[in-house]
file query07.cif (mmCIF, N, CA and C atoms)
data_protein
#
loop_
_atom_site.label_atom_id
_atom_site.label_comp_id
_atom_site.auth_asym_id
_atom_site.auth_seq_id
_atom_site.Cartn_x
_atom_site.Cartn_y
_atom_site.Cartn_z
N MET R 1167 0.84 -1.17 0.00
CA MET R 1167 0.00 0.00 0.00
C MET R 1167 0.89 1.24 0.00
N THR R 1168 0.62 2.18 -0.84
CA THR R 1168 1.40 3.41 -0.92
C THR R 1168 0.86 4.41 0.08
N VAL R 1169 1.79 5.06 0.78
CA VAL R 1169 1.40 6.07 1.75
C VAL R 1169 1.71 7.44 1.19
N THR R 1170 0.77 8.36 1.31
CA THR R 1170 0.99 9.71 0.78
C THR R 1170 0.57 10.80 1.74
N ASP R 1171 -0.61 10.73 2.31
CA ASP R 1171 -1.11 11.74 3.21
C ASP R 1171 -0.42 11.61 4.56
N PRO R 1172 0.26 12.68 5.05
CA PRO R 1172 1.03 12.55 6.29
C PRO R 1172 0.20 12.13 7.49
N GLY R 1173 -1.07 12.41 7.51
CA GLY R 1173 -1.90 12.01 8.64
C GLY R 1173 -2.56 10.67 8.45
N SER R 1174 -2.42 10.07 7.28
CA SER R 1174 -3.15 8.85 6.96
C SER R 1174 -2.55 7.60 7.58
N SER R 1175 -1.25 7.60 7.83
CA SER R 1175 -0.61 6.40 8.36
C SER R 1175 0.72 6.77 9.00
N ALA R 1176 1.21 5.86 9.82
CA ALA R 1176 2.53 6.06 10.43
C ALA R 1176 3.61 6.11 9.35
N GLY R 1177 3.47 5.30 8.31
CA GLY R 1177 4.45 5.30 7.23
C GLY R 1177 4.50 6.62 6.49
N ALA R 1178 3.35 7.23 6.27
CA ALA R 1178 3.30 8.54 5.61
C ALA R 1178 3.98 9.59 6.48
N TYR R 1179 3.74 9.51 7.78
CA TYR R 1179 4.38 10.44 8.72
C TYR R 1179 5.90 10.30 8.62
N LEU R 1180 6.38 9.05 8.61
CA LEU R 1180 7.81 8.78 8.51
C LEU R 1180 8.39 9.33 7.21
N LEU R 1181 7.76 9.01 6.10
CA LEU R 1181 8.26 9.49 4.80
C LEU R 1181 8.34 11.01 4.77
N ASN R 1182 7.32 11.68 5.25
CA ASN R 1182 7.32 13.14 5.26
C ASN R 1182 8.42 13.69 6.15
N ALA R 1183 8.65 13.07 7.29
CA ALA R 1183 9.71 13.52 8.19
C ALA R 1183 11.10 13.32 7.56
N LEU R 1184 11.30 12.19 6.90
CA LEU R 1184 12.59 11.94 6.24
C LEU R 1184 12.80 12.92 5.09
N HIS R 1185 11.76 13.21 4.33
CA HIS R 1185 11.87 14.18 3.24
C HIS R 1185 12.18 15.56 3.80
N ALA R 1186 11.53 15.94 4.90
CA ALA R 1186 11.79 17.24 5.53
C ALA R 1186 13.23 17.33 6.04
N ALA R 1187 13.81 16.20 6.40
CA ALA R 1187 15.20 16.16 6.86
C ALA R 1187 16.19 16.19 5.70
N GLY R 1188 15.67 16.12 4.47
CA GLY R 1188 16.53 16.25 3.31
C GLY R 1188 16.88 14.96 2.59
N TRP R 1189 16.26 13.86 2.96
CA TRP R 1189 16.55 12.58 2.30
C TRP R 1189 15.47 12.23 1.29
N ALA R 1190 15.88 11.63 0.20
CA ALA R 1190 14.95 11.17 -0.84
C ALA R 1190 14.51 9.74 -0.52
N ALA R 1191 13.84 9.58 0.61
CA ALA R 1191 13.38 8.27 1.03
C ALA R 1191 12.18 7.85 0.19
N VAL R 1192 12.07 6.54 -0.03
CA VAL R 1192 10.96 5.99 -0.81
C VAL R 1192 10.37 4.78 -0.09
N GLU R 1193 9.12 4.53 -0.36
CA GLU R 1193 8.49 3.32 0.16
C GLU R 1193 8.91 2.16 -0.73
N ASP R 1194 9.21 1.04 -0.12
CA ASP R 1194 9.65 -0.13 -0.86
C ASP R 1194 9.13 -1.36 -0.12
N GLY R 1195 9.44 -2.51 -0.63
CA GLY R 1195 9.04 -3.73 0.04
C GLY R 1195 8.71 -4.83 -0.94
N ASP R 1196 8.14 -5.88 -0.39
CA ASP R 1196 7.76 -7.04 -1.20
C ASP R 1196 6.51 -7.64 -0.57
N THR R 1197 6.19 -8.85 -0.93
CA THR R 1197 4.98 -9.47 -0.41
C THR R 1197 5.07 -9.76 1.09
N ALA R 1198 6.27 -9.84 1.63
CA ALA R 1198 6.43 -10.19 3.04
C ALA R 1198 6.63 -8.98 3.95
N SER R 1199 7.05 -7.86 3.39
CA SER R 1199 7.32 -6.71 4.25
C SER R 1199 7.18 -5.41 3.48
N ASP R 1200 7.02 -4.35 4.23
CA ASP R 1200 6.91 -3.01 3.67
C ASP R 1200 7.85 -2.14 4.49
N PHE R 1201 8.65 -1.33 3.82
CA PHE R 1201 9.63 -0.52 4.53
C PHE R 1201 9.91 0.75 3.76
N VAL R 1202 10.55 1.69 4.44
CA VAL R 1202 11.04 2.92 3.82
C VAL R 1202 12.53 2.73 3.62
N GLU R 1203 12.99 3.15 2.45
CA GLU R 1203 14.41 2.98 2.12
C GLU R 1203 15.00 4.31 1.69
N LEU R 1204 16.23 4.55 2.13
CA LEU R 1204 16.96 5.71 1.64
C LEU R 1204 18.38 5.29 1.36
N THR R 1205 18.94 5.89 0.33
CA THR R 1205 20.31 5.57 -0.07
C THR R 1205 21.22 6.71 0.36
N PHE R 1206 22.49 6.38 0.53
CA PHE R 1206 23.47 7.37 0.94
C PHE R 1206 24.86 6.95 0.48
N GLY R 1207 25.77 7.91 0.48
CA GLY R 1207 27.17 7.62 0.18
C GLY R 1207 27.42 7.30 -1.28
N THR R 1208 28.68 7.05 -1.57
CA THR R 1208 29.10 6.77 -2.95
C THR R 1208 29.16 5.28 -3.25
N SER R 1209 29.04 4.44 -2.24
CA SER R 1209 29.11 3.00 -2.49
C SER R 1209 27.74 2.33 -2.42
N GLY R 1210 26.68 3.11 -2.57
CA GLY R 1210 25.33 2.55 -2.62
C GLY R 1210 24.78 2.15 -1.27
N GLY R 1211 25.17 2.83 -0.21
CA GLY R 1211 24.65 2.52 1.11
C GLY R 1211 23.13 2.63 1.15
N VAL R 1212 22.51 1.76 1.93
CA VAL R 1212 21.05 1.72 2.04
C VAL R 1212 20.66 1.63 3.51
N ILE R 1213 19.65 2.40 3.88
CA ILE R 1213 19.03 2.27 5.19
C ILE R 1213 17.57 1.89 4.96
N GLN R 1214 17.14 0.87 5.68
CA GLN R 1214 15.75 0.43 5.61
C GLN R 1214 15.11 0.61 6.98
N VAL R 1215 13.91 1.19 6.99
CA VAL R 1215 13.17 1.43 8.23
C VAL R 1215 11.80 0.78 8.10
N THR R 1216 11.39 0.09 9.14
CA THR R 1216 10.05 -0.48 9.18
C THR R 1216 9.54 -0.44 10.61
N ALA R 1217 8.31 -0.85 10.79
CA ALA R 1217 7.69 -0.83 12.11
C ALA R 1217 7.89 -2.14 12.85
N GLY R 1218 7.73 -2.05 14.16
CA GLY R 1218 7.77 -3.23 15.00
C GLY R 1218 6.42 -3.41 15.67
N GLY R 1219 6.37 -4.30 16.62
CA GLY R 1219 5.13 -4.53 17.37
C GLY R 1219 4.08 -5.23 16.53
N ALA R 1220 2.83 -4.89 16.77
CA ALA R 1220 1.71 -5.52 16.08
C ALA R 1220 1.72 -5.27 14.58
N HIS R 1221 2.41 -4.20 14.17
CA HIS R 1221 2.48 -3.86 12.74
C HIS R 1221 3.89 -4.07 12.19
N GLU R 1222 4.55 -5.10 12.68
CA GLU R 1222 5.91 -5.41 12.23
C GLU R 1222 5.95 -5.54 10.71
N SER R 1223 6.93 -4.88 10.12
CA SER R 1223 7.15 -4.90 8.67
C SER R 1223 6.00 -4.29 7.89
N GLU R 1224 5.31 -3.34 8.49
CA GLU R 1224 4.22 -2.62 7.83
C GLU R 1224 4.49 -1.12 7.90
N LEU R 1225 3.82 -0.37 7.06
CA LEU R 1225 3.85 1.09 7.09
C LEU R 1225 2.46 1.70 7.14
N ALA R 1226 1.52 1.07 6.48
CA ALA R 1226 0.17 1.64 6.32
C ALA R 1226 -0.74 1.23 7.46
N TYR R 1227 -0.46 1.79 8.63
CA TYR R 1227 -1.31 1.53 9.79
C TYR R 1227 -1.58 2.86 10.49
N PRO R 1228 -2.64 2.95 11.30
CA PRO R 1228 -2.98 4.21 11.95
C PRO R 1228 -1.86 4.71 12.87
N PRO R 1229 -1.56 6.00 12.82
CA PRO R 1229 -0.51 6.56 13.68
C PRO R 1229 -0.69 6.21 15.17
N ALA R 1230 -1.92 6.14 15.63
CA ALA R 1230 -2.18 5.84 17.05
C ALA R 1230 -1.76 4.43 17.43
N GLU R 1231 -1.57 3.55 16.45
CA GLU R 1231 -1.17 2.16 16.73
C GLU R 1231 0.33 1.94 16.62
N HIS R 1232 1.10 3.02 16.51
CA HIS R 1232 2.55 2.92 16.37
C HIS R 1232 3.18 2.30 17.61
N ALA R 1233 4.08 1.34 17.42
CA ALA R 1233 4.78 0.69 18.54
C ALA R 1233 6.28 0.94 18.48
N GLY R 1234 6.78 1.50 17.40
CA GLY R 1234 8.21 1.79 17.30
C GLY R 1234 8.78 1.43 15.95
N TRP R 1235 9.75 2.24 15.52
CA TRP R 1235 10.48 1.97 14.27
C TRP R 1235 11.69 1.10 14.58
N SER R 1236 12.14 0.39 13.57
CA SER R 1236 13.44 -0.28 13.62
C SER R 1236 14.14 0.02 12.31
N ALA R 1237 15.46 0.14 12.37
CA ALA R 1237 16.23 0.51 11.17
C ALA R 1237 17.50 -0.30 11.07
N VAL R 1238 17.84 -0.63 9.83
CA VAL R 1238 19.05 -1.39 9.53
C VAL R 1238 19.81 -0.65 8.43
N CYS R 1239 21.12 -0.61 8.58
CA CYS R 1239 21.98 0.03 7.58
C CYS R 1239 22.80 -1.03 6.87
N TYR R 1240 22.82 -0.93 5.55
CA TYR R 1240 23.67 -1.77 4.70
C TYR R 1240 24.65 -0.82 4.03
N PRO R 1241 25.84 -0.59 4.61
CA PRO R 1241 26.74 0.45 4.12
C PRO R 1241 27.23 0.26 2.69
N ASP R 1242 27.24 -0.98 2.22
CA ASP R 1242 27.71 -1.24 0.85
C ASP R 1242 26.57 -1.65 -0.07
N GLY R 1243 25.35 -1.37 0.33
CA GLY R 1243 24.20 -1.72 -0.49
C GLY R 1243 23.53 -2.97 0.02
N TYR R 1244 22.26 -3.10 -0.28
CA TYR R 1244 21.48 -4.25 0.15
C TYR R 1244 21.65 -5.38 -0.84
N ALA R 1245 22.00 -6.57 -0.33
CA ALA R 1245 22.22 -7.71 -1.21
C ALA R 1245 21.49 -8.95 -0.69
N GLY R 1246 20.26 -8.76 -0.29
CA GLY R 1246 19.45 -9.91 0.12
C GLY R 1246 19.73 -10.42 1.51
N ASP R 1247 20.70 -11.31 1.63
CA ASP R 1247 20.92 -11.95 2.92
C ASP R 1247 22.18 -11.47 3.65
N LEU R 1248 22.76 -10.36 3.23
CA LEU R 1248 23.91 -9.81 3.94
C LEU R 1248 23.47 -9.25 5.28
N PRO R 1249 24.27 -9.46 6.33
CA PRO R 1249 23.90 -8.86 7.61
C PRO R 1249 24.04 -7.35 7.55
N GLY R 1250 23.16 -6.67 8.22
CA GLY R 1250 23.22 -5.22 8.27
C GLY R 1250 23.52 -4.76 9.68
N ASP R 1251 23.71 -3.47 9.82
CA ASP R 1251 23.93 -2.83 11.11
C ASP R 1251 22.58 -2.38 11.63
N ALA R 1252 22.01 -3.13 12.57
CA ALA R 1252 20.71 -2.78 13.15
C ALA R 1252 20.94 -1.67 14.17
N PHE R 1253 21.01 -0.43 13.67
CA PHE R 1253 21.41 0.69 14.51
C PHE R 1253 20.26 1.31 15.29
N TYR R 1254 19.04 0.98 14.95
CA TYR R 1254 17.87 1.48 15.68
C TYR R 1254 16.93 0.31 15.84
N PRO R 1255 17.24 -0.58 16.79
CA PRO R 1255 16.50 -1.84 16.88
C PRO R 1255 15.15 -1.78 17.57
N ALA R 1256 14.90 -0.77 18.37
CA ALA R 1256 13.62 -0.74 19.08
C ALA R 1256 13.24 0.70 19.36
N GLY R 1257 12.14 1.10 18.78
CA GLY R 1257 11.68 2.47 18.99
C GLY R 1257 10.75 2.57 20.17
N ILE R 1258 10.00 3.63 20.19
CA ILE R 1258 9.04 3.87 21.27
C ILE R 1258 7.66 4.13 20.67
N PRO R 1259 6.59 3.97 21.45
CA PRO R 1259 5.24 4.08 20.89
C PRO R 1259 4.80 5.48 20.47
N ASP R 1260 5.44 6.51 20.96
CA ASP R 1260 5.05 7.87 20.56
C ASP R 1260 5.62 8.14 19.18
N LEU R 1261 4.75 8.23 18.17
CA LEU R 1261 5.18 8.33 16.77
C LEU R 1261 6.08 9.53 16.53
N ALA R 1262 5.70 10.71 17.00
CA ALA R 1262 6.50 11.91 16.74
C ALA R 1262 7.87 11.81 17.40
N GLU R 1263 7.91 11.39 18.66
CA GLU R 1263 9.20 11.29 19.35
C GLU R 1263 10.06 10.19 18.75
N ASP R 1264 9.45 9.05 18.44
CA ASP R 1264 10.19 7.94 17.85
C ASP R 1264 10.78 8.35 16.50
N THR R 1265 10.00 9.04 15.70
CA THR R 1265 10.48 9.48 14.39
C THR R 1265 11.61 10.48 14.53
N ALA R 1266 11.50 11.40 15.47
CA ALA R 1266 12.58 12.38 15.70
C ALA R 1266 13.86 11.67 16.14
N ARG R 1267 13.74 10.72 17.04
CA ARG R 1267 14.92 9.95 17.49
C ARG R 1267 15.51 9.13 16.34
N LEU R 1268 14.64 8.56 15.53
CA LEU R 1268 15.10 7.79 14.38
C LEU R 1268 15.91 8.67 13.43
N ILE R 1269 15.43 9.87 13.15
CA ILE R 1269 16.14 10.77 12.24
C ILE R 1269 17.53 11.09 12.79
N THR R 1270 17.63 11.32 14.08
CA THR R 1270 18.94 11.54 14.70
C THR R 1270 19.83 10.32 14.53
N ALA R 1271 19.27 9.13 14.72
CA ALA R 1271 20.03 7.89 14.56
C ALA R 1271 20.44 7.66 13.11
N VAL R 1272 19.58 8.01 12.16
CA VAL R 1272 19.92 7.87 10.74
C VAL R 1272 21.11 8.77 10.40
N ARG R 1273 21.06 10.01 10.87
CA ARG R 1273 22.19 10.92 10.62
C ARG R 1273 23.49 10.34 11.17
N ALA R 1274 23.43 9.81 12.38
CA ALA R 1274 24.63 9.23 13.00
C ALA R 1274 25.11 8.01 12.23
N ALA R 1275 24.20 7.17 11.77
CA ALA R 1275 24.60 5.98 11.01
C ALA R 1275 25.25 6.36 9.68
N ILE R 1276 24.67 7.34 9.02
CA ILE R 1276 25.26 7.78 7.73
C ILE R 1276 26.65 8.34 7.98
N THR R 1277 26.79 9.16 9.00
CA THR R 1277 28.12 9.73 9.32
C THR R 1277 29.11 8.61 9.64
N ARG R 1278 28.69 7.65 10.47
CA ARG R 1278 29.56 6.55 10.86
C ARG R 1278 30.01 5.74 9.65
N HIS R 1279 29.13 5.56 8.69
CA HIS R 1279 29.46 4.69 7.55
C HIS R 1279 30.03 5.43 6.35
N THR R 1280 30.12 6.74 6.43
CA THR R 1280 30.70 7.49 5.30
C THR R 1280 31.99 8.21 5.68
N THR R 1281 32.28 8.31 6.97
CA THR R 1281 33.55 8.89 7.40
C THR R 1281 34.24 7.86 8.25
N GLY R 1282 35.36 7.54 7.94
CA GLY R 1282 35.95 6.54 8.81
C GLY R 1282 37.20 6.03 8.36
#
call {"tool": "encode", "arguments": {"input": "query07.cif", "output": "structure tokens"}}
result
Amino acid sequence: MTVTDPGSSAGAYLLNALHAAGWAAVEDGDTASDFVELTFGTSGGVIQVTAGGAHESELAYPPAEHAGWSAVCYPDGYAGDLPGDAFYPAGIPDLAEDTARLITAVRAAITRHTTG
């Protein structure tokens, strides 16, 4: 399901917040999961963010049902079964606060994986 209206779902809220932070994040996924993805760096780094709790691996759920984001970084690009850096493994139920903390964590992960 595609999310567009910022108030329509937790995923739409996330996408809008990531865009406001300056990232060209997109909704992605497959039949088993739905996530937001953003790329970074010169080597094709990828960060994937999805929900946990009752809506694990979903984006299109009511904001009031948010249980927390989780995020994984693949510094050299996503290649299916490669292990990633689970840098934001458990969020909090407050959507606005969780999203703000996630954005801070995304910035830190990008910095960690692009300078070093």
call {"tool": "select_by_dssp", "arguments": {"input": "query07.cif", "residues": "chain R", "states": "helix (DSSP H, G or I)", "output": "ChimeraX atom specification"}}
result
/R:1176-1186,1219-1221,1229-1231,1261-1280
call {"tool": "select_by_dssp", "arguments": {"input": "query07.cif", "residues": "region 1209-1278 of chain R", "states": "strand (DSSP E or B)", "output": "VMD selection string"}}
result
chain R and resid 1211 to 1217 1235 to 1240 1251 to 1254
call {"tool": "closest_residue", "arguments": {"input": "query07.cif", "among": "R:Ala1266, R:Ala1256, R:Leu1248, R:Ala1233", "to": "Gly1219 (chain R)", "atoms": "only C-alpha atoms"}}
result
R:Ala1233
call {"tool": "closest_residue", "arguments": {"input": "query07.cif", "among": "R:Tyr1254, R:Tyr1227, R:Tyr1240, R:Trp1235", "to": "Ala1178 (chain R)", "atoms": "all atoms listed in the file"}}
result
R:Tyr1227
call {"tool": "resolve_selection", "arguments": {"input": "query07.cif", "expression": "the PyMOL selection byres (((chain R and resi 1199-1216 and name CA) around 7) and name CA)", "output": "ChimeraX atom specification"}}
result
/R:1189-1198,1217-1218,1223-1225,1235-1244,1280
call {"tool": "write_last_selection", "arguments": {"input": "query07.cif", "atoms": "N, CA and C atoms", "output": "short mmCIF file (atom, residue, chain, number, x, y, z; two decimals), in the coordinates of the input"}}
result
data_model
loop_
_atom_site.label_atom_id
_atom_site.label_comp_id
_atom_site.auth_asym_id
_atom_site.auth_seq_id
_atom_site.Cartn_x
_atom_site.Cartn_y
_atom_site.Cartn_z
N TRP R 1189 16.26 13.86 2.96
CA TRP R 1189 16.55 12.58 2.30
C TRP R 1189 15.47 12.23 1.29
N ALA R 1190 15.88 11.63 0.20
CA ALA R 1190 14.95 11.17 -0.84
C ALA R 1190 14.51 9.74 -0.52
N ALA R 1191 13.84 9.58 0.61
CA ALA R 1191 13.38 8.27 1.03
C ALA R 1191 12.18 7.85 0.19
N VAL R 1192 12.07 6.54 -0.03
CA VAL R 1192 10.96 5.99 -0.81
C VAL R 1192 10.37 4.78 -0.09
N GLU R 1193 9.12 4.53 -0.36
CA GLU R 1193 8.49 3.32 0.16
C GLU R 1193 8.91 2.16 -0.73
N ASP R 1194 9.21 1.04 -0.12
CA ASP R 1194 9.65 -0.13 -0.86
C ASP R 1194 9.13 -1.36 -0.12
N GLY R 1195 9.44 -2.51 -0.63
CA GLY R 1195 9.04 -3.73 0.04
C GLY R 1195 8.71 -4.83 -0.94
N ASP R 1196 8.14 -5.88 -0.39
CA ASP R 1196 7.76 -7.04 -1.20
C ASP R 1196 6.51 -7.64 -0.57
N THR R 1197 6.19 -8.85 -0.93
CA THR R 1197 4.98 -9.47 -0.41
C THR R 1197 5.07 -9.76 1.09
N ALA R 1198 6.27 -9.84 1.63
CA ALA R 1198 6.43 -10.19 3.04
C ALA R 1198 6.63 -8.98 3.95
N ALA R 1217 8.31 -0.85 10.79
CA ALA R 1217 7.69 -0.83 12.11
C ALA R 1217 7.89 -2.14 12.85
N GLY R 1218 7.73 -2.05 14.16
CA GLY R 1218 7.77 -3.23 15.00
C GLY R 1218 6.42 -3.41 15.67
N SER R 1223 6.93 -4.88 10.12
CA SER R 1223 7.15 -4.90 8.67
C SER R 1223 6.00 -4.29 7.89
N GLU R 1224 5.31 -3.34 8.49
CA GLU R 1224 4.22 -2.62 7.83
C GLU R 1224 4.49 -1.12 7.90
N LEU R 1225 3.82 -0.37 7.06
CA LEU R 1225 3.85 1.09 7.09
C LEU R 1225 2.46 1.70 7.14
N TRP R 1235 9.75 2.24 15.52
CA TRP R 1235 10.48 1.97 14.27
C TRP R 1235 11.69 1.10 14.58
N SER R 1236 12.14 0.39 13.57
CA SER R 1236 13.44 -0.28 13.62
C SER R 1236 14.14 0.02 12.31
N ALA R 1237 15.46 0.14 12.37
CA ALA R 1237 16.23 0.51 11.17
C ALA R 1237 17.50 -0.30 11.07
N VAL R 1238 17.84 -0.63 9.83
CA VAL R 1238 19.05 -1.39 9.53
C VAL R 1238 19.81 -0.65 8.43
N CYS R 1239 21.12 -0.61 8.58
CA CYS R 1239 21.98 0.03 7.58
C CYS R 1239 22.80 -1.03 6.87
N TYR R 1240 22.82 -0.93 5.55
CA TYR R 1240 23.67 -1.77 4.70
C TYR R 1240 24.65 -0.82 4.03
N PRO R 1241 25.84 -0.59 4.61
CA PRO R 1241 26.74 0.45 4.12
C PRO R 1241 27.23 0.26 2.69
N ASP R 1242 27.24 -0.98 2.22
CA ASP R 1242 27.71 -1.24 0.85
C ASP R 1242 26.57 -1.65 -0.07
N GLY R 1243 25.35 -1.37 0.33
CA GLY R 1243 24.20 -1.72 -0.49
C GLY R 1243 23.53 -2.97 0.02
N TYR R 1244 22.26 -3.10 -0.28
CA TYR R 1244 21.48 -4.25 0.15
C TYR R 1244 21.65 -5.38 -0.84
N THR R 1280 30.12 6.74 6.43
CA THR R 1280 30.70 7.49 5.30
C THR R 1280 31.99 8.21 5.68
#
call {"tool": "atom_distance", "arguments": {"input": "query07.cif", "atom1": "CA of Thr1281 (chain R)", "atom2": "atom C of Ala1186 (chain R)"}}
result
22.0 Å
call {"tool": "resolve_selection", "arguments": {"input": "query07.cif", "expression": "the PyMOL selection byres ((chain R and resi 1232) around 6.5)", "output": "PyMOL selection string"}}
result
chain R and resi 1228-1231+1233-1234+1258-1261
call {"tool": "write_last_selection", "arguments": {"input": "query07.cif", "atoms": "N, CA and C atoms", "output": "tab-separated table (two decimals), keeping the file's coordinate frame"}}
result
chain	number	residue	atom	x	y	z
R	1228	PRO	N	-2.64	2.95	11.30
R	1228	PRO	CA	-2.98	4.21	11.95
R	1228	PRO	C	-1.86	4.71	12.87
R	1229	PRO	N	-1.56	6.00	12.82
R	1229	PRO	CA	-0.51	6.56	13.68
R	1229	PRO	C	-0.69	6.21	15.17
R	1230	ALA	N	-1.92	6.14	15.63
R	1230	ALA	CA	-2.18	5.84	17.05
R	1230	ALA	C	-1.76	4.43	17.43
R	1231	GLU	N	-1.57	3.55	16.45
R	1231	GLU	CA	-1.17	2.16	16.73
R	1231	GLU	C	0.33	1.94	16.62
R	1233	ALA	N	4.08	1.34	17.42
R	1233	ALA	CA	4.78	0.69	18.54
R	1233	ALA	C	6.28	0.94	18.48
R	1234	GLY	N	6.78	1.50	17.40
R	1234	GLY	CA	8.21	1.79	17.30
R	1234	GLY	C	8.78	1.43	15.95
R	1258	ILE	N	10.00	3.63	20.19
R	1258	ILE	CA	9.04	3.87	21.27
R	1258	ILE	C	7.66	4.13	20.67
R	1259	PRO	N	6.59	3.97	21.45
R	1259	PRO	CA	5.24	4.08	20.89
R	1259	PRO	C	4.80	5.48	20.47
R	1260	ASP	N	5.44	6.51	20.96
R	1260	ASP	CA	5.05	7.87	20.56
R	1260	ASP	C	5.62	8.14	19.18
R	1261	LEU	N	4.75	8.23	18.17
R	1261	LEU	CA	5.18	8.33	16.77
R	1261	LEU	C	6.08	9.53	16.53
call {"tool": "atom_distance", "arguments": {"input": "query07.cif", "atom1": "atom N of Leu1180 (chain R)", "atom2": "CA of Thr1265 (chain R)"}}
result
7.1 Å
call {"tool": "atom_distance", "arguments": {"input": "query07.cif", "atom1": "atom C of Ala1274 (chain R)", "atom2": "CA of Phe1253 (chain R)"}}
result
8.5 Å
